[in-house]
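Asks: Dropping in work_24.cif, with mmCIF, C-alpha atoms and all ligand atoms.
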```
data_run
loop_
_atom_site.label_atom_id
_atom_site.label_comp_id
_atom_site.auth_asym_id
_atom_site.auth_seq_id
_atom_site.Cartn_x
_atom_site.Cartn_y
_atom_site.Cartn_z
CA MET R 1 -16.88 -66.76 120.39
CA VAL R 2 -15.53 -68.30 117.23
CA VAL R 3 -16.86 -68.37 113.72
CA GLU R 4 -16.30 -71.55 111.84
CA ILE R 5 -16.10 -70.45 108.23
CA GLN R 6 -17.15 -73.50 106.30
CA ASN R 7 -19.04 -72.45 103.21
CA ARG R 8 -16.82 -73.29 100.28
CA GLN R 9 -18.34 -70.59 98.12
CA ARG R 10 -17.01 -67.82 100.35
CA PRO R 11 -13.93 -65.90 99.20
CA ALA R 12 -10.73 -67.50 100.42
CA VAL R 13 -9.66 -64.27 102.10
CA ASP R 14 -12.46 -64.86 104.63
CA LEU R 15 -10.34 -67.68 106.00
CA CYS R 16 -8.22 -64.97 107.55
CA TYR R 17 -11.05 -64.26 109.99
CA GLN R 18 -10.60 -67.79 111.26
CA GLY R 19 -7.20 -66.89 112.59
CA HIS R 20 -5.49 -63.69 113.65
CA SER R 21 -4.70 -62.56 110.16
CA SER R 22 -7.75 -60.42 109.42
CA GLN R 23 -5.83 -57.18 109.63
CA GLY R 24 -2.68 -58.41 108.00
CA GLN R 25 -1.16 -58.77 104.62
CA MET R 26 -2.24 -62.39 104.46
CA LYS R 27 -5.43 -61.22 102.78
CA GLN R 28 -3.37 -59.81 99.94
CA VAL R 29 -1.21 -62.85 99.39
CA LEU R 30 -3.85 -65.53 99.91
CA THR R 31 -4.85 -65.96 96.29
CA THR R 32 -3.88 -68.66 93.84
CA GLN R 33 -1.58 -68.18 90.88
CA GLN R 34 -4.02 -69.82 88.51
CA ASN R 35 -6.86 -67.59 89.54
CA SER R 36 -5.07 -64.35 90.11
CA ASN R 37 -7.54 -62.38 88.01
CA LYS R 38 -10.64 -63.48 89.84
CA GLN R 39 -11.67 -63.91 93.40
CA VAL R 40 -10.61 -67.25 94.81
CA SER R 41 -13.11 -69.21 96.85
CA ILE R 42 -12.50 -71.44 99.81
CA ALA R 43 -13.24 -74.39 97.51
CA ASN R 44 -10.09 -73.48 95.53
CA CYS R 45 -7.99 -73.89 98.65
CA TRP R 46 -9.49 -77.15 99.85
CA ASP R 47 -8.50 -80.56 98.55
CA ASN R 48 -11.45 -82.86 99.15
CA GLY R 49 -9.44 -85.97 98.31
CA THR R 50 -6.81 -85.45 100.96
CA SER R 51 -9.01 -83.33 103.25
CA SER R 52 -6.32 -80.70 103.52
CA TRP R 53 -5.68 -77.05 102.74
CA VAL R 54 -3.72 -76.44 99.56
CA VAL R 55 -2.60 -72.92 98.84
CA THR R 56 -0.37 -71.75 96.06
CA TRP R 57 0.76 -68.21 96.42
CA LYS R 58 0.55 -65.18 94.23
CA ARG R 59 3.43 -63.94 96.32
CA GLN R 60 5.27 -66.23 98.68
CA PRO R 61 5.01 -65.08 102.31
CA TRP R 62 8.53 -64.13 103.26
CA SER R 63 8.63 -61.52 105.97
CA GLU R 64 8.55 -62.34 109.67
CA SER R 65 5.07 -60.84 109.84
CA ASP R 66 3.81 -62.87 106.84
CA LEU R 67 5.20 -66.11 108.20
CA ALA R 68 3.74 -65.49 111.64
CA GLN R 69 0.31 -64.84 110.17
CA TRP R 70 0.53 -67.91 107.96
CA ALA R 71 1.52 -70.07 110.94
CA ASP R 72 -1.41 -68.65 112.92
CA LEU R 73 -3.81 -69.25 110.08
CA GLN R 74 -2.67 -72.85 109.61
CA GLN R 75 -3.16 -73.50 113.29
CA ALA R 76 -6.63 -71.93 113.24
CA LEU R 77 -7.65 -74.00 110.22
CA GLN R 78 -6.32 -77.25 111.59
CA ASN R 79 -9.69 -78.77 112.47
CA ILE R 80 -11.85 -76.96 109.94
CA HIS R 81 -13.25 -79.00 107.09
CA PRO R 82 -15.27 -76.74 104.81
CA THR R 83 -18.69 -77.84 103.71
CA VAL R 84 -21.27 -76.66 101.22
CA GLY R 85 -23.46 -75.50 104.10
CA HIS R 86 -23.59 -72.32 106.11
CA ASP R 87 -20.94 -70.91 108.42
CA ASN R 88 -21.30 -71.52 112.12
CA TRP R 89 -21.09 -69.01 114.94
CA LYS R 90 -20.06 -70.87 117.98
CA TRP R 91 -19.37 -69.92 121.56
CA ILE R 92 -17.09 -72.44 123.19
CA GLY R 93 -18.29 -71.77 126.68
CA ILE R 94 -19.43 -73.44 129.82
CA GLU R 95 -23.05 -72.94 128.83
CA GLU R 96 -23.38 -73.90 125.21
CA ASN R 97 -24.43 -71.10 122.85
CA THR R 98 -24.73 -68.55 125.64
CA PHE R 99 -22.04 -65.91 125.85
CA THR R 100 -21.53 -64.14 129.15
CA VAL R 101 -18.63 -61.99 130.32
CA LYS R 102 -18.53 -64.05 133.50
CA ASP R 103 -18.14 -67.22 131.47
CA PHE R 104 -15.45 -65.56 129.34
CA LYS R 105 -13.46 -64.55 132.42
CA LYS R 106 -13.89 -67.99 133.92
CA GLN R 107 -12.42 -69.58 130.81
CA LEU R 108 -9.46 -67.23 130.84
CA ALA R 109 -8.98 -68.01 134.52
CA ASP R 110 -9.00 -71.73 133.86
CA ILE R 111 -6.43 -71.38 131.11
CA SER R 112 -4.31 -69.10 133.25
CA ALA R 113 -4.53 -71.38 136.26
CA ALA R 114 -3.44 -74.32 134.19
CA THR R 115 -0.48 -72.61 132.61
CA MET R 116 0.82 -69.84 134.83
CA GLY R 117 1.05 -71.08 138.38
CA LEU R 118 0.55 -67.57 139.72
CA ASN R 119 0.14 -67.19 143.44
CA ASN R 120 -2.40 -64.57 144.38
CA GLY R 121 -1.33 -64.00 147.94
CA GLY R 122 -3.14 -66.90 149.50
CA GLY R 123 -2.24 -69.66 147.14
CA ASN R 124 -5.23 -69.06 144.86
CA THR R 125 -4.65 -68.61 141.18
CA THR R 126 -7.25 -66.29 139.69
CA ILE R 127 -7.82 -64.26 136.59
CA GLU R 128 -7.88 -61.22 138.87
CA SER R 129 -4.15 -61.67 139.14
CA LEU R 130 -3.99 -60.46 135.55
CA TRP R 131 -7.18 -58.68 134.59
CA ASN R 132 -7.29 -54.95 135.18
CA SER R 133 -10.37 -52.94 134.23
CA TRP R 134 -8.48 -49.62 134.35
CA ILE R 135 -6.44 -50.40 131.28
CA PRO R 136 -7.65 -51.31 127.77
CA MET R 137 -8.47 -54.87 126.88
CA LYS R 138 -5.64 -54.94 124.32
CA VAL R 139 -3.16 -54.38 127.16
CA ASN R 140 -4.73 -57.08 129.30
CA PHE R 141 -4.49 -59.46 126.39
CA LEU R 142 -0.86 -58.57 125.79
CA ILE R 143 -0.04 -59.49 129.39
CA TRP R 144 -2.11 -62.65 129.13
CA ARG R 145 -0.36 -63.64 125.92
CA ALA R 146 3.06 -62.88 127.41
CA VAL R 147 2.59 -65.14 130.43
CA ASN R 148 0.99 -67.86 128.30
CA GLU R 149 3.72 -67.79 125.68
CA ARG R 150 1.29 -66.69 122.98
CA LEU R 151 3.22 -63.67 121.75
CA LEU R 152 4.55 -63.74 118.21
CA ILE R 153 8.10 -63.18 119.24
CA LYS R 154 11.22 -64.39 117.52
CA THR R 155 11.80 -67.36 119.82
CA ALA R 156 8.21 -68.53 119.26
CA LEU R 157 8.56 -68.18 115.49
CA LYS R 158 11.77 -70.18 115.53
CA HIS R 159 10.06 -72.80 117.67
CA ARG R 160 7.41 -73.11 114.96
CA GLY R 161 10.10 -73.98 112.49
CA ILE R 162 10.30 -70.69 110.62
CA PRO R 163 13.86 -70.41 109.29
CA ASN R 164 16.30 -67.52 109.41
CA ILE R 165 14.95 -65.98 112.58
CA GLU R 166 17.53 -64.19 114.68
CA GLU R 167 16.40 -64.82 118.25
CA GLY R 168 18.44 -62.16 119.99
CA CYS R 169 16.95 -59.24 121.91
CA THR R 170 16.44 -56.25 119.68
CA TRP R 171 17.86 -53.81 122.21
CA CYS R 172 20.74 -55.36 124.11
CA ASN R 173 21.64 -58.40 122.00
CA ILE R 174 22.47 -60.20 125.23
CA GLY R 175 19.23 -61.99 126.01
CA LEU R 176 16.58 -63.55 123.81
CA ASP R 177 13.54 -61.95 122.24
CA GLU R 178 11.13 -63.54 124.71
CA PRO R 179 8.82 -62.02 127.38
CA GLN R 180 10.93 -62.81 130.43
CA HIS R 181 13.85 -60.95 128.95
CA LEU R 182 12.04 -58.31 126.95
CA PHE R 183 9.80 -57.08 129.77
CA ILE R 184 11.71 -57.93 132.94
CA ARG R 185 15.40 -58.78 132.52
CA CYS R 186 16.62 -56.66 129.62
CA GLN R 187 18.76 -53.76 130.76
CA VAL R 188 16.75 -51.35 128.59
CA ALA R 189 13.46 -52.50 130.11
CA ARG R 190 14.95 -52.39 133.60
CA PHE R 191 16.22 -48.85 133.12
CA ILE R 192 12.83 -47.62 131.93
CA CYS R 193 11.13 -49.54 134.73
CA SER R 194 13.46 -48.00 137.31
CA ILE R 195 12.45 -44.49 136.21
CA ILE R 196 8.79 -45.46 136.41
CA ALA R 197 9.37 -47.04 139.83
CA LEU R 198 10.82 -43.76 141.08
CA TRP R 199 7.93 -41.82 139.58
CA CYS R 200 5.27 -43.91 141.31
CA LYS R 201 7.38 -44.46 144.43
CA THR R 202 7.27 -48.23 144.11
CA PRO R 203 10.83 -49.61 144.08
CA GLN R 204 9.45 -53.18 144.06
CA LEU R 205 8.78 -52.76 140.34
CA THR R 206 12.43 -53.33 139.58
CA ILE R 207 13.23 -56.13 142.01
CA ALA R 208 11.71 -59.16 140.29
CA GLN R 209 13.74 -61.10 137.72
CA ASP R 210 10.83 -63.23 136.65
CA LEU R 211 7.57 -62.20 134.98
CA PHE R 212 5.41 -64.44 137.20
CA VAL R 213 7.11 -63.21 140.37
CA TRP R 214 6.67 -59.65 139.14
CA ILE R 215 2.91 -60.12 138.67
CA ASP R 216 2.64 -61.81 142.06
CA MET R 217 4.41 -58.83 143.57
CA LEU R 218 1.91 -56.46 141.92
CA ASN R 219 -0.96 -58.46 143.37
CA ASN R 220 0.46 -58.22 146.85
CA LEU R 221 1.54 -54.60 147.16
CA ASP R 222 0.80 -52.69 150.32
CA GLY R 223 -1.75 -49.91 150.42
CA SER R 224 -5.35 -49.34 149.47
CA LYS R 225 -7.09 -51.27 146.72
CA GLU R 226 -7.08 -48.13 144.56
CA LYS R 227 -3.36 -47.60 145.05
CA ARG R 228 -2.53 -51.20 144.21
CA LYS R 229 -4.69 -51.10 141.12
CA THR R 230 -3.13 -47.83 140.03
CA ILE R 231 0.41 -49.21 140.39
CA LYS R 232 -0.61 -52.35 138.54
CA SER R 233 -2.07 -50.20 135.75
CA ILE R 234 1.18 -48.26 135.45
CA ALA R 235 3.20 -51.48 135.46
CA PHE R 236 1.07 -53.04 132.73
CA THR R 237 1.24 -49.82 130.71
CA THR R 238 5.03 -50.11 130.94
CA ILE R 239 4.82 -53.57 129.37
CA TRP R 240 2.56 -52.20 126.66
CA VAL R 241 4.92 -49.38 125.73
CA LEU R 242 7.93 -51.72 125.76
CA TRP R 243 6.07 -53.99 123.36
CA LEU R 244 5.23 -51.10 121.04
CA ARG R 245 8.84 -49.92 121.08
CA ARG R 246 10.12 -53.43 120.41
CA ASN R 247 7.82 -53.70 117.36
CA GLU R 248 8.83 -50.27 116.10
CA GLU R 249 12.46 -51.26 116.33
CA ILE R 250 11.90 -54.51 114.41
CA PHE R 251 9.42 -53.38 111.77
CA LYS R 252 10.32 -49.71 111.36
CA ALA R 253 13.99 -49.75 112.39
CA LYS R 254 13.12 -47.04 114.88
CA GLY R 255 15.52 -47.06 117.83
CA ILE R 256 14.10 -46.90 121.31
CA GLN R 257 14.12 -43.48 123.00
CA ILE R 258 14.20 -43.86 126.76
CA GLN R 259 12.79 -40.44 127.58
CA SER R 260 9.89 -40.57 125.14
CA SER R 261 9.07 -44.14 126.25
CA VAL R 262 8.89 -42.98 129.86
CA GLU R 263 6.69 -40.04 128.87
CA ASP R 264 4.38 -42.35 126.91
CA ILE R 265 4.02 -44.64 129.93
CA LYS R 266 3.16 -41.71 132.17
CA ILE R 267 0.71 -40.15 129.71
CA LEU R 268 -1.04 -43.38 128.75
CA SER R 269 -1.39 -44.66 132.31
CA PHE R 270 -2.65 -41.24 133.42
CA LEU R 271 -5.27 -41.16 130.66
CA TRP R 272 -6.36 -44.76 131.11
CA VAL R 273 -6.67 -44.64 134.89
CA SER R 274 -8.33 -41.22 134.80
CA ASN R 275 -10.90 -42.32 132.25
CA ARG R 276 -11.64 -45.77 133.61
CA SER R 277 -11.51 -45.29 137.36
CA LYS R 278 -13.23 -42.90 139.71
CA LEU R 279 -9.87 -41.38 140.50
CA ARG R 280 -9.20 -37.89 139.24
CA GLY R 281 -5.80 -38.90 137.96
CA LEU R 282 -2.28 -39.68 139.02
CA THR R 283 -0.04 -37.32 140.88
ZN ZN S 301 17.66 -57.13 125.91
#
```
Can you dump the structure from the file as structure tokens?
Replies:
Amino acid sequence: MVVEIQNRQRPAVDLCYQGHSSQGQMKQVLTTQQNSNKQVSIANCWDNGTSSWVVTWKRQPWSESDLAQWADLQQALQNIHPTVGHDNWKWIGIEENTFTVKDFKKQLADISAATMGLNNGGGNTTIESLWNSWIPMKVNFLIWRAVNERLLIKTALKHRGIPNIEEGCTWCNIGLDEPQHLFIRCQVARFICSIIALWCKTPQLTIAQDLFVWIDMLNNLDGSKEKRKTIKSIAFTTIWVLWLRRNEEIFKAKGIQIQSSVEDIKILSFLWVSNRSKLRGLT
């Protein structure tokens, strides 16, 4: 579901809802210098002559977070030409104007199939290779974004042309700040993963050197369906906690603590699986 914000009379900050910037600082900086004392409308940011977005800043976006949000917003606004009419709610689905969860999953599957090349045991690429109902949607989306190169990581920011980005891994400074390294190959991630692998008695968690191979391995573990789904939940929770720790290190200069990270993975996966499955919990 997307909303196409088109009405030029709306406040310019509403443009943030078009992209991923709704929760970010972009709302605070997206206001023109000339109109800093009053609310700026979308019309103020749209040049009808050149059919393009023109924004002058009250405060130039400068931080990594600002620049990432601005890049996202620009991308989201690429094909939007504001009008004097009403905004549109639009579901870009298989059946026009009808949103269904099945349709939503099908779309994700199509995107995944086109970009990931995952092998789900029998040569079929399916969204089931990623989607896991025992963990929160935000974690599923993190995994999906990681394998589809949609994470706002340093290498992606540099690729978008944002200057002065140091691409190195935050923890080891050997690899790059990109999903394959961050989640699978980095020695810090591997050490944490090895402790988790011991805890859930699944040494395979540490064998893969590639994110896609790792997910394939998770989809093809031995054991009951419940056991496989539990291990997959723990593995995805590991990715989630690594991502949180990476962000804390970058944005809060908070060094990673191995022991507390491991505890967080155990606690979160226990809570999520206990609450979302019929299982009583992990042992
Ligand atoms: Zn590293």
Asks: Could you state the separation of atom CA of R:Gln209 and atom CA of R:Lys232 in Å, given to one decimal place?
Replies: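 Rounded to one decimal, the two atoms are 16.8 Å apart.
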Asks: Would you name the residues within 9 Å of ligand ZN 301 (chain S), counting all atoms listed in the file, and put them as a PDB file with C-alpha atoms, keeping the file's coordinate frame?
Replies:
```pdb
ATOM      1  CA  GLY R 168      18.440 -62.160 119.990  1.00  0.00           C
ATOM      2  CA  CYS R 169      16.950 -59.240 121.910  1.00  0.00           C
ATOM      3  CA  THR R 170      16.440 -56.250 119.680  1.00  0.00           C
ATOM      4  CA  TRP R 171      17.860 -53.810 122.210  1.00  0.00           C
ATOM      5  CA  CYS R 172      20.740 -55.360 124.110  1.00  0.00           C
ATOM      6  CA  ASN R 173      21.640 -58.400 122.000  1.00  0.00           C
ATOM      7  CA  ILE R 174      22.470 -60.200 125.230  1.00  0.00           C
ATOM      8  CA  GLY R 175      19.230 -61.990 126.010  1.00  0.00           C
ATOM      9  CA  LEU R 176      16.580 -63.550 123.810  1.00  0.00           C
ATOM     10  CA  ASP R 177      13.540 -61.950 122.240  1.00  0.00           C
ATOM     11  CA  HIS R 181      13.850 -60.950 128.950  1.00  0.00           C
ATOM     12  CA  LEU R 182      12.040 -58.310 126.950  1.00  0.00           C
ATOM     13  CA  PHE R 183       9.800 -57.080 129.770  1.00  0.00           C
ATOM     14  CA  ARG R 185      15.400 -58.780 132.520  1.00  0.00           C
ATOM     15  CA  CYS R 186      16.620 -56.660 129.620  1.00  0.00           C
ATOM     16  CA  GLN R 187      18.760 -53.760 130.760  1.00  0.00           C
ATOM     17  CA  VAL R 188      16.750 -51.350 128.590  1.00  0.00           C
ATOM     18  CA  ALA R 189      13.460 -52.500 130.110  1.00  0.00           C
TER      19      ALA R 189
END
```
Asks: Between atom CA of R:Ser233 and atom CA of R:Ser269, measure the distance and give it in Å to one decimal.
Replies: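 Result for atom CA of R:Ser233 versus atom CA of R:Ser269: 6.6 Å, one decimal.
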Asks: Kindly indicate which residue among R:Val147, R:Ile231, R:Val54, R:Val262 lies nearest to R:Asp210, using all atoms listed in the file for the distances.
Replies: R:Val147
Asks: Mind pulling up the distance from atom CA of R:Pro136 to atom CA of R:Ala235?
Replies: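 Between these atoms lies a distance of 13.3 Å.
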Asks: Skip R:Ile215 itself and residues of its chain fewer than 2 positions away, then list as a list in words all residues within 10 Å of it, counting all atoms listed in the file.
Replies: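 These residues fall inside the cut-off: Leu118, Asn119, Asn120, Ser129, Leu130, Ile143, Val147, Leu205, Ala208, Asp210, Leu211, Phe212, Val213, Met217, Leu218, Asn219, Asn220, Lys232, Ala235 and Phe236 of chain R.
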Asks: Between R:Ile192, R:Leu242, R:Val139, R:Cys200, which has the minimum distance to R:Pro179 (counting only C-alpha atoms)?
Replies: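 Residue with the minimum atom-to-atom distance to R:Pro179: R:Leu242.
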Asks: Choose the residue, out of R:Ser52, R:Gln180, R:Asn148, R:Ser63, that has the smallest atom-to-atom separation from R:Trp214; count all atoms listed in the file.
Replies: R:Gln180
Asks: Go through R:Ile207, R:Ser51, R:Ile196, R:Ile153 one by one, measure the shortest atom-to-atom distance of each to R:Arg246 using all atoms listed in the file, and give the residue with the smallest value.
Replies: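 Ranked by minimum distance to R:Arg246, first place goes to R:Ile153.
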